[in-house]
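Let me begin by presenting the structure, written as structure tokens, before commenting on it.
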Amino acid sequence: MLAAGRGRRMGGAKHLRPLAGVPLAERVVRALLRTSAARVRLVLAPDDAAGRALATRIGVAALAAEDPDEGRAASVRAAVRAAASDSRGALFALADQPFLEPDDFERLFDAFRAEPGAIVRAEYGGEPGSPVLFPADCFAELLLLRGREGGRSLVERRRERVRLVSLPPEHGRDLDAPEDWPAESAPLPSAAHMERTFSIVKPDAVRGRKLGAILEAIEASGLTIVATKMVQLDQPKAEGFYAVHKERPFFKDLVKFMTSGPVLVSVLEGDDAVARYRKLMGATDPAKADAGTLRKRFATNIEQNAVHGSDSLENAQTEIAYFFSATELVKR
């Protein structure tokens with residue numbers, strides 16, 4: 001969950017203010033989407049149309065804080081109410097900490113996995129700060145929060161459960177006021193548009209020995225493969241992956257096709273990876289695909305169309321987690 005506010009000290013919608021051309025909230029969302037988090041949500045004021053448009057463009061769900069004038073507590077309650085019933089915990093990050101890297105968030109997740117009952121909190125140079133990750137058994141108390149303190153009061157009441165994770169102080173910089181803003185010439189993170197997306201080379205392309213050519217085209221496009229493996233889908237695995245299509249008439253045929261032979265699943269990384277890989281794949285129907293796209297080159301027909309790619313950052317995150325653990329994703 002990412003909390004965004006209007007930033008009164010900044011004179012407007014701070015979370016939308018661009019840093020090197022990229023809104024603060026977008027920087028943090030994109031970093032979170034490159035982690036093992038199951039879901040990412042952006043909490044906004046109910047009337048924040050620009051914020052909702054940003055969430056749509058990035059590919060994440062936006063939540064409305066019920067009483068934005070109350071402060072962080074309203075954002076926390078909105079996120080907790082939207083949490084899935086199977087959530088083991090929720091991490092609360094702020095839009096005005098745009099220098100946090102995916103590895104920083106992952107260190108918090110690792111600490112939580114090691115001690116699932118802990119409240120995991122970042123610290124910078126010995127000083128505690130945000131983000132904070134609360135286990136699910138704290139949700140009921142979080143729903144009772146009021147005022148501008150957010151989860152701070154709960155952290156104080158449950159000090160014995162708090163585990164601090166040291167992060168680089170420069171990553172935790174809080175752009176809370178105009179004087180905090182970096183100079184135009186200051187070096188900034190370069191990964192604001194860096195994304196991960198999910199790819200499947202389908203049974204028809206594997207049988208046709210097109211793997212090498214497809215992987216070569218992916219790398220030639222500038223996308224980087226950070227995880228890949230050959231798998232044979234069984235019926236439950238295929239049905240789970242395509243559950244969104246369960247009521248569609250083609251569902252049974254789709255599952256039958258996807259279990260007809262091995263597939264290659266991969267995680268791709270790069271600037272605007274979702275959109276770039278969708279463009280590289282081409283139209284679903286290879287007859288309508290542009291020349292040079294993967295489906296134009298390698299697909300047989302609209303049903304056996306060689307490759308799959310995530311259609312949004314949020315779906316990419318879900319699909320990656322369906323096949324890969326966080327430890328299987330490498331740095332390159």
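In the structure tokens, each chain is lettered A, B, ... as it comes, each chain's residues begin at 1, and ligands are numbered from 1 in order of appearance.
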
Exercise. Within 7 Å of Asp96 (chain A), counting only C-alpha atoms, which residues qualify if same-chain residues fewer than 5 places away don't, as a list in words?
Worked result: His15, Leu24, Asp174, Leu175 and Asp176 of chain A

Could those selected residues go to a file with all heavy atoms, as a short mmCIF file (atom, residue, chain, number, x, y, z; two decimals), in the first residue's frame?
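What landed in out_4.cif:
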data_model
loop_
_atom_site.label_atom_id
_atom_site.label_comp_id
_atom_site.auth_asym_id
_atom_site.auth_seq_id
_atom_site.Cartn_x
_atom_site.Cartn_y
_atom_site.Cartn_z
N HIS A 15 2.31 14.43 -4.01
CA HIS A 15 2.55 13.11 -4.59
C HIS A 15 2.57 13.14 -6.11
O HIS A 15 3.07 12.21 -6.74
CB HIS A 15 1.50 12.12 -4.09
CG HIS A 15 0.09 12.48 -4.45
ND1 HIS A 15 -0.56 13.55 -3.91
CD2 HIS A 15 -0.80 11.90 -5.31
CE1 HIS A 15 -1.78 13.63 -4.40
NE2 HIS A 15 -1.95 12.65 -5.25
N LEU A 24 6.29 11.80 -7.80
CA LEU A 24 6.82 11.09 -6.64
C LEU A 24 6.09 9.76 -6.43
O LEU A 24 6.73 8.73 -6.20
CB LEU A 24 6.67 11.94 -5.37
CG LEU A 24 7.44 13.25 -5.29
CD1 LEU A 24 7.35 13.81 -3.87
CD2 LEU A 24 8.90 13.06 -5.68
N ASP A 174 13.08 12.15 2.96
CA ASP A 174 11.68 12.52 2.92
C ASP A 174 11.55 13.91 2.31
O ASP A 174 12.05 14.88 2.88
CB ASP A 174 11.12 12.49 4.34
CG ASP A 174 9.62 12.68 4.39
OD1 ASP A 174 9.06 13.25 3.43
OD2 ASP A 174 9.01 12.28 5.39
N LEU A 175 10.90 14.02 1.15
CA LEU A 175 10.72 15.32 0.51
C LEU A 175 9.46 15.96 1.06
O LEU A 175 8.42 16.03 0.40
CB LEU A 175 10.64 15.15 -1.01
CG LEU A 175 11.84 14.49 -1.68
CD1 LEU A 175 11.71 14.53 -3.19
CD2 LEU A 175 13.14 15.15 -1.25
N ASP A 176 9.55 16.43 2.29
CA ASP A 176 8.38 16.92 3.01
C ASP A 176 8.13 18.40 2.80
O ASP A 176 7.02 18.88 2.98
CB ASP A 176 8.54 16.61 4.50
CG ASP A 176 7.27 16.86 5.28
OD1 ASP A 176 6.19 16.44 4.81
OD2 ASP A 176 7.35 17.49 6.35
#

Exercise. From the set A:Ala65, A:Pro131, A:Asp104, A:Glu115, which residue has the shortest atom-to-atom contact distance to Phe92 (chain A), counting only C-alpha atoms?
Worked result: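 Ranked by minimum distance to Phe92 (chain A), first place goes to A:Pro131.
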
Exercise. For Met230 (chain A), which residue out of A:Arg72, A:Lys256, A:Arg57, A:Lys202 is the nearest one, using only C-alpha atoms?
Worked result: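 Closest residue, counting only C-alpha atoms: A:Lys202.
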
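Here the question is which of A:Ile302, A:Ser312, A:Arg146, A:Arg158 gets nearest to Phe250 (chain A) using only C-alpha atoms, and that residue is A:Ile302.
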
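CA of Leu280 (chain A) is positioned 13.0 Å from CA of Ala299 (chain A).
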
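Taking only C-alpha atoms into account, Phe241 (chain A) lies nearest to A:Ala321 out of the set A:Leu223, A:Ala217, A:Ala321, A:Ala283.
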
Problem set entry | Residues of region 7-186 of chain A in strand (DSSP E or B), written as a VMD selection string | chain A and resid 18 to 19 22 to 23 41 to 44 61 to 64 89 to 94 119 to 124 127 to 135 162 to 167

Exercise. For the atom pair CA of Phe112 (chain A) and CA of Val267 (chain A), what is the interatomic distance in Å to one decimal place?
Worked result: 24.2 Å

Exercise. For Ala136 (chain A), which of A:Arg81, A:His308, A:Arg52, A:Arg17 is the closest residue, counting only C-alpha atoms?
Worked result: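 That would be A:Arg81, the residue with the smallest distance to Ala136 (chain A).
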
Exercise. Residues at most 6 Å from region 31-37 of chain A, counting only C-alpha atoms, excluding those fewer than 2 positions away in the same chain, as a list in words?
Worked result: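 Close residues of region 31-37 of chain A: Val28, Val29, Arg39, Glu101, Pro102 and Ala326 of chain A.
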
Next, write the just-selected residues to a file, as a JSON list (two decimals), in the first residue's frame, keeping all heavy atoms as the atom set.
[["chain", "number", "residue", "atom", "x", "y", "z"],
["A", 28, "VAL", "N", 7.60, 5.62, -6.35],
["A", 28, "VAL", "CA", 7.48, 4.65, -5.27],
["A", 28, "VAL", "C", 6.67, 3.43, -5.72],
["A", 28, "VAL", "O", 7.02, 2.29, -5.41],
["A", 28, "VAL", "CB", 6.86, 5.30, -4.02],
["A", 28, "VAL", "CG1", 6.81, 4.30, -2.86],
["A", 28, "VAL", "CG2", 7.66, 6.53, -3.61],
["A", 29, "VAL", "N", 5.60, 3.67, -6.45],
["A", 29, "VAL", "CA", 4.79, 2.54, -6.96],
["A", 29, "VAL", "C", 5.63, 1.63, -7.83],
["A", 29, "VAL", "O", 5.59, 0.40, -7.69],
["A", 29, "VAL", "CB", 3.57, 3.06, -7.74],
["A", 29, "VAL", "CG1", 2.92, 1.93, -8.54],
["A", 29, "VAL", "CG2", 2.53, 3.65, -6.79],
["A", 39, "ARG", "N", 0.30, -7.41, -3.82],
["A", 39, "ARG", "CA", -0.56, -6.37, -4.38],
["A", 39, "ARG", "C", -0.01, -5.01, -3.98],
["A", 39, "ARG", "O", 0.53, -4.84, -2.90],
["A", 39, "ARG", "CB", -2.00, -6.51, -3.86],
["A", 39, "ARG", "CG", -2.77, -7.70, -4.42],
["A", 39, "ARG", "CD", -4.05, -7.95, -3.65],
["A", 39, "ARG", "NE", -3.78, -8.48, -2.32],
["A", 39, "ARG", "CZ", -3.64, -9.78, -2.06],
["A", 39, "ARG", "NH1", -3.75, -10.66, -3.03],
["A", 39, "ARG", "NH2", -3.40, -10.19, -0.83],
["A", 101, "GLU", "N", 14.59, 1.96, -2.98],
["A", 101, "GLU", "CA", 14.79, 1.02, -4.08],
["A", 101, "GLU", "C", 14.03, -0.28, -3.81],
["A", 101, "GLU", "O", 13.69, -0.58, -2.65],
["A", 101, "GLU", "CB", 16.29, 0.70, -4.22],
["A", 101, "GLU", "CG", 17.16, 1.89, -4.58],
["A", 101, "GLU", "CD", 17.00, 2.30, -6.04],
["A", 101, "GLU", "OE1", 16.45, 1.49, -6.81],
["A", 101, "GLU", "OE2", 17.42, 3.41, -6.39],
["A", 102, "PRO", "N", 13.76, -1.08, -4.85],
["A", 102, "PRO", "CA", 13.10, -2.37, -4.63],
["A", 102, "PRO", "C", 13.80, -3.23, -3.58],
["A", 102, "PRO", "O", 13.14, -3.89, -2.77],
["A", 102, "PRO", "CB", 13.15, -3.01, -6.02],
["A", 102, "PRO", "CG", 13.14, -1.86, -6.97],
["A", 102, "PRO", "CD", 13.95, -0.79, -6.29],
["A", 326, "ALA", "N", 10.67, -14.89, -4.86],
["A", 326, "ALA", "CA", 11.54, -13.72, -4.91],
["A", 326, "ALA", "C", 13.00, -14.09, -5.09],
["A", 326, "ALA", "O", 13.76, -13.38, -5.74],
["A", 326, "ALA", "CB", 11.34, -12.88, -3.64]]

Exercise. Within 9 Å of Pro128 (chain A), counting only C-alpha atoms, which residues qualify if same-chain residues fewer than 4 places away don't, as a VMD selection string?
Worked result: chain A and resid 121 to 124 164 to 166

For this session: Select from region 223-269 of chain A everything DSSP, run on the backbone, classes as alpha helix (DSSP H), then give the selection as number ranges by chain.
Result: A: 235-241, 251-258
